[in-house]
>>> print(open('target_10.txt').read())   # compact mmCIF, C-alpha atoms and all ligand atoms
# COMPACT_ATOMS: atom_id res chain seq x y z
CA MET A 1 -3.34 -39.05 19.22
CA GLN A 2 -2.67 -42.60 18.12
CA ASN A 3 0.70 -43.46 16.59
CA ILE A 4 0.39 -45.04 13.18
CA VAL A 5 4.13 -45.20 12.54
CA LEU A 6 7.04 -45.30 14.93
CA LEU A 7 10.50 -45.77 13.46
CA GLU A 8 13.02 -46.16 16.25
CA ASP A 9 16.67 -45.64 15.31
CA VAL A 10 16.27 -47.48 12.02
CA TYR A 11 19.27 -48.47 9.92
CA LYS A 12 19.27 -50.13 6.53
CA ILE A 13 22.55 -51.41 5.22
CA TYR A 14 22.82 -52.90 1.74
CA THR A 15 25.86 -55.06 1.12
CA MET A 16 27.19 -54.97 -2.42
CA GLY A 17 30.21 -57.24 -2.61
CA GLU A 18 32.82 -55.63 -0.36
CA VAL A 19 30.93 -52.38 0.02
CA ASN A 20 28.28 -51.55 2.58
CA VAL A 21 25.78 -48.85 1.62
CA MET A 22 24.15 -47.16 4.60
CA ALA A 23 20.79 -46.32 3.01
CA LEU A 24 19.20 -45.40 6.37
CA ASN A 25 21.50 -44.20 9.10
CA GLY A 26 19.54 -43.99 12.35
CA VAL A 27 16.08 -42.67 11.48
CA THR A 28 13.62 -41.97 14.27
CA LEU A 29 10.18 -40.76 13.20
CA THR A 30 6.64 -40.76 14.54
CA ILE A 31 3.55 -40.34 12.35
CA LYS A 32 0.19 -39.96 14.02
CA LYS A 33 -3.26 -40.87 12.80
CA GLY A 34 -4.59 -38.37 10.26
CA GLU A 35 -1.22 -36.89 9.28
CA PHE A 36 -0.27 -36.09 5.68
CA VAL A 37 3.52 -36.23 5.36
CA ALA A 38 5.84 -35.55 2.43
CA ILE A 39 9.23 -37.26 2.37
CA MET A 40 11.77 -35.24 0.41
CA GLY A 41 15.51 -35.36 -0.18
CA ALA A 42 18.09 -35.72 -2.93
CA SER A 43 18.40 -38.83 -5.05
CA GLY A 44 19.96 -41.59 -2.95
CA SER A 45 19.01 -39.99 0.39
CA GLY A 46 16.99 -43.06 1.44
CA LYS A 47 13.39 -42.11 0.60
CA SER A 48 12.45 -45.32 -1.21
CA THR A 49 14.33 -47.41 1.34
CA MET A 50 12.24 -45.82 4.07
CA MET A 51 9.01 -46.30 2.08
CA ASN A 52 9.88 -49.97 1.54
CA ILE A 53 10.19 -50.42 5.29
CA LEU A 54 6.97 -48.50 6.01
CA GLY A 55 5.30 -50.60 3.29
CA CYS A 56 6.46 -53.86 4.88
CA LEU A 57 8.28 -54.72 1.66
CA ASP A 58 11.60 -54.75 3.51
CA THR A 59 12.79 -54.82 7.12
CA PRO A 60 15.39 -52.69 8.93
CA SER A 61 18.92 -54.01 9.40
CA ARG A 62 18.81 -52.49 12.88
CA GLY A 63 16.22 -50.58 14.90
CA LYS A 64 12.47 -51.06 15.21
CA PHE A 65 9.38 -50.28 13.19
CA PHE A 66 6.03 -50.21 14.96
CA LEU A 67 2.81 -50.01 12.92
CA GLU A 68 -0.12 -49.07 15.18
CA ASP A 69 2.01 -50.01 18.19
CA VAL A 70 2.75 -53.50 16.87
CA GLU A 71 6.40 -54.22 16.17
CA VAL A 72 6.48 -55.47 12.60
CA SER A 73 10.24 -55.16 12.07
CA ARG A 74 10.77 -58.77 13.14
CA PHE A 75 7.76 -60.22 11.29
CA SER A 76 8.17 -63.12 8.84
CA LYS A 77 7.62 -62.68 5.10
CA ASN A 78 4.11 -64.15 5.37
CA GLU A 79 3.18 -61.93 8.30
CA LEU A 80 4.45 -58.89 6.39
CA ALA A 81 2.36 -59.88 3.36
CA GLU A 82 -0.70 -60.11 5.59
CA ILE A 83 -0.02 -56.61 6.95
CA ARG A 84 0.41 -55.26 3.40
CA ASN A 85 -2.92 -56.73 2.30
CA THR A 86 -4.93 -55.60 5.28
CA LYS A 87 -3.36 -52.40 6.60
CA LEU A 88 -1.55 -50.67 3.76
CA GLY A 89 -2.43 -49.00 0.49
CA PHE A 90 0.13 -48.27 -2.23
CA VAL A 91 0.23 -45.74 -5.05
CA PHE A 92 3.17 -45.80 -7.47
CA GLN A 93 4.69 -43.43 -9.99
CA ASN A 94 3.71 -45.63 -12.95
CA PHE A 95 0.19 -46.45 -11.65
CA ASN A 96 0.82 -50.26 -11.75
CA LEU A 97 -2.63 -51.07 -13.11
CA LEU A 98 -3.16 -54.43 -14.81
CA SER A 99 -3.55 -53.57 -18.48
CA ARG A 100 -5.80 -56.45 -19.64
CA THR A 101 -8.14 -55.94 -16.72
CA THR A 102 -10.97 -53.42 -16.48
CA VAL A 103 -10.92 -50.50 -14.10
CA LEU A 104 -13.51 -52.19 -11.87
CA GLU A 105 -11.53 -55.44 -11.73
CA ASN A 106 -8.32 -53.54 -10.96
CA VAL A 107 -10.00 -51.77 -8.08
CA GLU A 108 -11.57 -54.98 -6.74
CA LEU A 109 -8.21 -56.77 -6.55
CA PRO A 110 -7.25 -55.90 -2.95
CA LEU A 111 -10.69 -57.01 -1.77
CA ILE A 112 -10.32 -60.32 -3.54
CA TYR A 113 -6.95 -60.89 -1.86
CA SER A 114 -8.41 -60.33 1.56
CA LYS A 115 -11.92 -61.72 0.95
CA LYS A 116 -14.51 -61.80 -1.82
CA ALA A 117 -15.91 -58.47 -2.97
CA SER A 118 -19.50 -58.25 -1.77
CA LYS A 119 -22.35 -56.33 -3.38
CA LYS A 120 -21.81 -53.67 -0.72
CA ASP A 121 -18.10 -53.48 -1.64
CA ILE A 122 -18.99 -52.97 -5.30
CA GLU A 123 -21.44 -50.23 -4.35
CA ARG A 124 -18.69 -48.59 -2.34
CA ILE A 125 -16.28 -48.79 -5.29
CA TYR A 126 -18.85 -47.06 -7.53
CA GLN A 127 -19.41 -44.42 -4.86
CA ILE A 128 -15.70 -43.65 -4.40
CA MET A 129 -15.17 -43.65 -8.18
CA ARG A 130 -17.97 -41.13 -8.54
CA ILE A 131 -16.45 -38.91 -5.86
CA LEU A 132 -13.05 -39.07 -7.58
CA GLY A 133 -14.60 -38.13 -10.93
CA LEU A 134 -14.29 -41.59 -12.47
CA GLU A 135 -17.97 -42.35 -12.93
CA GLY A 136 -18.74 -44.33 -16.07
CA LEU A 137 -15.18 -45.59 -16.53
CA GLU A 138 -15.69 -48.85 -14.60
CA LYS A 139 -15.69 -51.08 -17.70
CA HIS A 140 -12.85 -49.26 -19.48
CA TYR A 141 -9.30 -50.62 -19.72
CA PRO A 142 -6.42 -48.59 -18.22
CA ASN A 143 -4.97 -47.65 -21.64
CA GLN A 144 -8.28 -45.95 -22.49
CA LEU A 145 -7.77 -43.49 -19.64
CA SER A 146 -5.61 -40.39 -19.23
CA GLY A 147 -2.64 -40.49 -16.85
CA GLY A 148 -4.56 -38.56 -14.20
CA GLN A 149 -7.53 -40.89 -14.49
CA GLN A 150 -5.26 -43.93 -14.22
CA GLN A 151 -3.64 -42.54 -11.11
CA ARG A 152 -7.06 -41.84 -9.59
CA VAL A 153 -8.05 -45.46 -10.32
CA ALA A 154 -4.84 -46.57 -8.59
CA ILE A 155 -5.81 -44.39 -5.62
CA VAL A 156 -9.27 -45.98 -5.44
CA ARG A 157 -7.59 -49.39 -5.47
CA ALA A 158 -5.22 -48.30 -2.71
CA ILE A 159 -7.97 -47.13 -0.34
CA ILE A 160 -10.65 -49.73 -1.01
CA ASN A 161 -9.55 -51.87 1.95
CA ASN A 162 -9.67 -48.89 4.35
CA PRO A 163 -5.92 -48.96 4.91
CA THR A 164 -4.39 -47.71 8.12
CA LEU A 165 -1.68 -46.04 6.08
CA LEU A 166 -1.56 -44.90 2.45
CA LEU A 167 1.93 -44.81 0.91
CA ALA A 168 2.76 -43.09 -2.36
CA ASP A 169 6.25 -43.01 -3.93
CA GLU A 170 6.43 -40.12 -6.46
CA PRO A 171 2.73 -40.44 -7.39
CA THR A 172 2.89 -37.40 -9.66
CA GLY A 173 6.27 -38.25 -11.22
CA ASN A 174 4.69 -39.21 -14.55
CA LEU A 175 2.06 -36.46 -14.69
CA ASP A 176 2.10 -32.93 -16.07
CA SER A 177 1.72 -30.10 -13.57
CA ALA A 178 -2.04 -29.55 -14.05
CA THR A 179 -2.77 -33.25 -13.65
CA SER A 180 -0.38 -33.44 -10.69
CA ALA A 181 -2.36 -30.69 -8.98
CA GLU A 182 -5.58 -32.60 -9.64
CA VAL A 183 -4.15 -35.80 -8.15
CA MET A 184 -2.70 -33.96 -5.15
CA LYS A 185 -6.13 -32.48 -4.45
CA VAL A 186 -7.50 -36.02 -4.36
CA PHE A 187 -4.87 -36.94 -1.74
CA GLN A 188 -5.78 -33.80 0.22
CA ASP A 189 -9.44 -34.77 0.19
CA LEU A 190 -8.70 -38.31 1.33
CA ASN A 191 -6.68 -36.92 4.20
CA HIS A 192 -8.94 -34.02 5.09
CA ASP A 193 -12.38 -35.55 4.62
CA MET A 194 -11.77 -39.26 5.22
CA GLY A 195 -8.97 -38.90 7.76
CA ILE A 196 -6.64 -41.21 5.86
CA THR A 197 -3.03 -41.09 7.05
CA ILE A 198 -0.76 -40.51 4.04
CA VAL A 199 3.00 -40.62 3.48
CA LEU A 200 4.11 -39.41 0.07
CA VAL A 201 7.55 -39.16 -1.52
CA THR A 202 8.21 -36.26 -3.84
CA HIS A 203 11.13 -34.35 -5.33
CA GLU A 204 9.03 -31.25 -5.88
CA THR A 205 8.43 -28.49 -3.37
CA ASP A 206 5.22 -27.56 -5.21
CA ILE A 207 3.87 -31.05 -4.57
CA ALA A 208 5.01 -31.11 -0.93
CA ARG A 209 2.93 -27.96 -0.35
CA TYR A 210 -0.24 -30.02 -0.58
CA THR A 211 0.82 -32.00 2.51
CA ARG A 212 0.90 -30.79 6.10
CA ARG A 213 4.38 -31.87 7.17
CA VAL A 214 7.66 -32.24 5.31
CA VAL A 215 10.43 -34.61 6.38
CA VAL A 216 13.69 -34.11 4.49
CA LEU A 217 16.21 -36.94 4.38
CA LYS A 218 19.91 -36.52 3.74
CA ASP A 219 22.39 -39.39 3.61
CA GLY A 220 19.92 -41.70 5.33
CA LYS A 221 19.17 -39.31 8.20
CA VAL A 222 16.34 -36.90 8.96
CA LEU A 223 17.72 -33.47 8.05
CA SER A 224 14.57 -31.52 8.91
CA ASP A 225 10.98 -32.14 9.93
CA THR A 226 8.72 -29.09 9.61
CA PRO A 227 5.12 -28.10 8.87
CA SER A 228 4.63 -27.70 5.13
CA GLN A 229 4.44 -24.27 3.50
CA SER A 230 0.95 -25.03 2.32
CA SER A 231 0.04 -22.34 -0.14
CA ALA A 232 -2.04 -24.79 -2.17
CA THR A 233 -5.75 -24.21 -2.28
CA PRO A 234 -7.80 -26.36 0.07
CA ALA A 235 -9.74 -29.37 -1.11
CA VAL A 236 -12.39 -28.67 -3.72
CA GLN A 237 -14.47 -31.81 -3.49
CA THR A 238 -16.27 -32.79 -0.33
CA PRO A 239 -16.45 -36.57 -0.28
CA ARG A 240 -17.99 -36.87 3.15
CA GLU A 241 -20.56 -39.47 2.34
CA ILE A 242 -18.23 -42.42 1.90
CA ALA A 243 -19.57 -45.47 3.68
CA SER A 244 -17.02 -47.91 5.00
N1 LIG A 301 18.73 -52.93 -3.30
C1 LIG A 301 19.78 -52.14 -3.09
N2 LIG A 301 21.05 -52.62 -3.06
C2 LIG A 301 22.09 -51.82 -2.84
N3 LIG A 301 22.00 -50.50 -2.63
C3 LIG A 301 20.80 -49.94 -2.64
C4 LIG A 301 19.61 -50.71 -2.88
N4 LIG A 301 18.54 -49.89 -2.83
C5 LIG A 301 19.03 -48.67 -2.59
N5 LIG A 301 20.38 -48.69 -2.47
C6 LIG A 301 21.25 -47.55 -2.15
O1 LIG A 301 20.77 -46.95 -0.96
C7 LIG A 301 20.80 -45.53 -1.05
C8 LIG A 301 19.40 -44.99 -0.86
O2 LIG A 301 18.60 -45.37 -1.98
P1 LIG A 301 17.05 -45.00 -2.13
O3 LIG A 301 16.55 -45.76 -3.30
O4 LIG A 301 16.37 -45.21 -0.84
O5 LIG A 301 17.15 -43.44 -2.45
P2 LIG A 301 15.98 -42.43 -2.88
O6 LIG A 301 16.04 -41.31 -1.92
O7 LIG A 301 14.69 -43.14 -3.04
O8 LIG A 301 16.51 -41.92 -4.29
P3 LIG A 301 15.68 -41.47 -5.61
O9 LIG A 301 15.25 -40.07 -5.36
O10 LIG A 301 16.72 -41.57 -6.69
O11 LIG A 301 14.56 -42.42 -5.82
C9 LIG A 301 21.43 -45.22 -2.39
O12 LIG A 301 22.80 -45.03 -2.18
C10 LIG A 301 21.18 -46.46 -3.21
O13 LIG A 301 22.17 -46.63 -4.19
MG MG A 302 13.40 -43.49 -4.70
>>> encode(input="target_10.txt", output="structure tokens", more="lines below")
Ligand SMILES: Nc1ncnc2c1ncn2[C@@H]1O[C@H](COP(=O)(O)OP(=O)(O)OP(=O)(O)O)[C@@H](O)[C@H]1O
Ligand SMILES: [Mg+2]
Amino acid sequence: MQNIVLLEDVYKIYTMGEVNVMALNGVTLTIKKGEFVAIMGASGSGKSTMMNILGCLDTPSRGKFFLEDVEVSRFSKNELAEIRNTKLGFVFQNFNLLSRTTVLENVELPLIYSKKASKKDIERIYQIMRILGLEGLEKHYPNQLSGGQQQRVAIVRAIINNPTLLLADEPTGNLDSATSAEVMKVFQDLNHDMGITIVLVTHETDIARYTRRVVVLKDGKVLSDTPSQSSATPAVQTPREIAS
């Protein structure tokens, strides 16, 4: 199957005055199309550093990063921005929705960066929002929604451009356990029914169970890489009808 991600002996070294911090210490990792991967590991093990590289927000100090077989590790800032806008979707712990902007406008944003949202795009937004249980909330403002609803809006925004890779850093970190389960089921559906490739950082084993593969980092290295102990129930919704 097609490689979405190939990290080849990646190092990231931060220099702080006299001290060098080896945040990634020779990571090699392949992620194929359709995978759903959890990145775990203690605080400081390099999870966010790795996500920043996968998200084209930062580049390795040494080693190579290929996204869909294209080496992006030597791309310029502008080229990386282009990749972020066209190939990647991001979901964050604190949702990162614009507060003075309606749900619909928040979700349209990535489309507007890459081109103008067409009538067909808007129809697609409404369709995905309906599937994710957000119907009728299009004209609301983020602070009128629950945490789980806000995170689902952020997920719609992240997938609206049909990203090659969806990245989520602690997406359930600000949610209670019931809402976390709800949001994780949404990720499962996106992966299972729409075939979206997802990489998700979490501290919690219960959250990692929703994925299919768990990569544990320790001191900037891959400590283990195993199938997940998925005891979580399979997807409940069946969003098969999404047009792209
Ligand atoms: N911008 C930076 N400058 C200097 N050091 C950094 C920087 N970012 C991260 N580090 C260091 O690199 C190491 C890895 O950090 P990273 O943020 O990737 O860890 P993490 O696994 O995401 O941790 P957490 O679970 O706390 O989010 C840590 O030692 C951290 O202090
Ligand atoms: Mg982190």
>>> axis_aligned_box(input="target_10.txt", around="segment 176-190 of chain A", padding_each_side="6 Å", output="JSON")
{"center_x": -3.7, "center_y": -33.9, "center_z": -7.4, "size_x": 23.5, "size_y": 20.8, "size_z": 29.4}
>>> residues_around(input="target_10.txt", residues="Arg213 of chain A", least_positions_apart="3", cutoff="7 Å", atoms="all atoms listed in the file", output="number ranges by chain")
A: 36-38, 226-228
>>> residues_near_ligand(input="target_10.txt", ligand="ligand MG 302 (chain A)", cutoff="9 Å", atoms="only C-alpha atoms and all ligand atoms", output="list in words")
Ser43, Gly44, Ser45, Gly46, Lys47, Ser48, Thr49, Met51, Asp169, Glu170, Val201 and Thr202 of chain A
>>> write_last_selection(input="target_10.txt", atoms="C-alpha atoms", output="PDB file, keeping the file's coordinate frame")
ATOM      1  CA  SER A  43      18.400 -38.830  -5.050  1.00  0.00           C
ATOM      2  CA  GLY A  44      19.960 -41.590  -2.950  1.00  0.00           C
ATOM      3  CA  SER A  45      19.010 -39.990   0.390  1.00  0.00           C
ATOM      4  CA  GLY A  46      16.990 -43.060   1.440  1.00  0.00           C
ATOM      5  CA  LYS A  47      13.390 -42.110   0.600  1.00  0.00           C
ATOM      6  CA  SER A  48      12.450 -45.320  -1.210  1.00  0.00           C
ATOM      7  CA  THR A  49      14.330 -47.410   1.340  1.00  0.00           C
ATOM      8  CA  MET A  51       9.010 -46.300   2.080  1.00  0.00           C
ATOM      9  CA  ASP A 169       6.250 -43.010  -3.930  1.00  0.00           C
ATOM     10  CA  GLU A 170       6.430 -40.120  -6.460  1.00  0.00           C
ATOM     11  CA  VAL A 201       7.550 -39.160  -1.520  1.00  0.00           C
ATOM     12  CA  THR A 202       8.210 -36.260  -3.840  1.00  0.00           C
TER      13      THR A 202
END
>>> residues_around(input="target_10.txt", residues="Ile128 of chain A", least_positions_apart="4", cutoff="9 Å", atoms="all atoms listed in the file", output="VMD selection string")
chain A and resid 123 to 124 132 to 135 156 160 239 242
>>> residues_around(input="target_10.txt", residues="segment 17-23 of chain A", least_positions_apart="3", cutoff="6 Å", atoms="all atoms listed in the file", output="short mmCIF file (atom, residue, chain, number, x, y, z; two decimals) with C-alpha atoms, keeping the file's coordinate frame")
data_model
loop_
_atom_site.label_atom_id
_atom_site.label_comp_id
_atom_site.auth_asym_id
_atom_site.auth_seq_id
_atom_site.Cartn_x
_atom_site.Cartn_y
_atom_site.Cartn_z
CA LYS A 12 19.27 -50.13 6.53
CA ILE A 13 22.55 -51.41 5.22
CA TYR A 14 22.82 -52.90 1.74
CA GLY A 46 16.99 -43.06 1.44
CA GLY A 220 19.92 -41.70 5.33
#
>>> closest_residue(input="target_10.txt", among="A:Ala117, A:Lys87, A:Gly136, A:Ile53", to="Arg74 of chain A", atoms="all atoms listed in the file")
A:Ile53
>>> closest_residue(input="target_10.txt", among="A:Ala181, A:Met50, A:Val10, A:Leu104", to="ligand LIG 301 (chain A)", atoms="only C-alpha atoms and all ligand atoms")
A:Met50
>>> closest_residue(input="target_10.txt", among="A:Gln144, A:Asp9, A:Arg152, A:Ile39", to="Gly63 of chain A", atoms="only C-alpha atoms")
A:Asp9
>>> atom_distance(input="target_10.txt", atom1="atom CA of Leu200 of chain A", atom2="atom CA of Phe92 of chain A")
9.9 Å
>>> closest_residue(input="target_10.txt", among="A:Asn96, A:Tyr11, A:Met1, A:His140", to="ligand LIG 301 (chain A)", atoms="only C-alpha atoms and all ligand atoms")
A:Tyr11
>>> build_atoms(input="target_10.txt", residues="segment 86-101 of chain A", atoms="N, CA, C and O atoms", output="short mmCIF file (atom, residue, chain, number, x, y, z; two decimals), in the coordinates of the input")
data_model
loop_
_atom_site.label_atom_id
_atom_site.label_comp_id
_atom_site.auth_asym_id
_atom_site.auth_seq_id
_atom_site.Cartn_x
_atom_site.Cartn_y
_atom_site.Cartn_z
N THR A 86 -3.83 -56.04 4.42
CA THR A 86 -4.93 -55.60 5.28
C THR A 86 -4.77 -54.18 5.79
O THR A 86 -5.77 -53.51 6.06
N LYS A 87 -3.55 -53.70 5.93
CA LYS A 87 -3.36 -52.40 6.60
C LYS A 87 -2.79 -51.30 5.73
O LYS A 87 -2.78 -50.15 6.13
N LEU A 88 -2.27 -51.67 4.54
CA LEU A 88 -1.55 -50.67 3.76
C LEU A 88 -2.15 -50.49 2.37
O LEU A 88 -2.68 -51.44 1.79
N GLY A 89 -2.06 -49.28 1.87
CA GLY A 89 -2.43 -49.00 0.49
C GLY A 89 -1.23 -48.39 -0.21
O GLY A 89 -0.48 -47.62 0.40
N PHE A 90 -1.04 -48.74 -1.49
CA PHE A 90 0.13 -48.27 -2.23
C PHE A 90 -0.29 -47.55 -3.51
O PHE A 90 -1.14 -48.05 -4.26
N VAL A 91 0.38 -46.43 -3.76
CA VAL A 91 0.23 -45.74 -5.05
C VAL A 91 1.64 -45.51 -5.60
O VAL A 91 2.52 -45.06 -4.87
N PHE A 92 1.83 -45.85 -6.87
CA PHE A 92 3.17 -45.80 -7.47
C PHE A 92 3.24 -44.74 -8.57
O PHE A 92 2.23 -44.32 -9.11
N GLN A 93 4.47 -44.42 -8.93
CA GLN A 93 4.69 -43.43 -9.99
C GLN A 93 4.06 -43.86 -11.31
O GLN A 93 3.46 -43.06 -12.03
N ASN A 94 4.21 -45.16 -11.65
CA ASN A 94 3.71 -45.63 -12.95
C ASN A 94 2.37 -46.35 -12.85
O ASN A 94 2.08 -47.24 -13.64
N PHE A 95 1.59 -46.01 -11.85
CA PHE A 95 0.19 -46.45 -11.65
C PHE A 95 0.07 -47.95 -11.31
O PHE A 95 -0.75 -48.33 -10.50
N ASN A 96 0.86 -48.80 -12.00
CA ASN A 96 0.82 -50.26 -11.75
C ASN A 96 -0.57 -50.87 -11.87
O ASN A 96 -0.94 -51.72 -11.06
N LEU A 97 -1.33 -50.43 -12.86
CA LEU A 97 -2.63 -51.07 -13.11
C LEU A 97 -2.41 -52.26 -14.04
O LEU A 97 -1.50 -52.25 -14.86
N LEU A 98 -3.25 -53.28 -13.90
CA LEU A 98 -3.16 -54.43 -14.81
C LEU A 98 -3.83 -54.04 -16.12
O LEU A 98 -5.00 -53.65 -16.14
N SER A 99 -3.09 -54.18 -17.23
CA SER A 99 -3.55 -53.57 -18.48
C SER A 99 -4.68 -54.34 -19.16
O SER A 99 -5.50 -53.76 -19.85
N ARG A 100 -4.76 -55.67 -18.97
CA ARG A 100 -5.80 -56.45 -19.64
C ARG A 100 -7.03 -56.61 -18.76
O ARG A 100 -7.85 -57.51 -18.96
N THR A 101 -7.11 -55.79 -17.74
CA THR A 101 -8.14 -55.94 -16.72
C THR A 101 -8.88 -54.61 -16.62
O THR A 101 -8.25 -53.55 -16.68
#
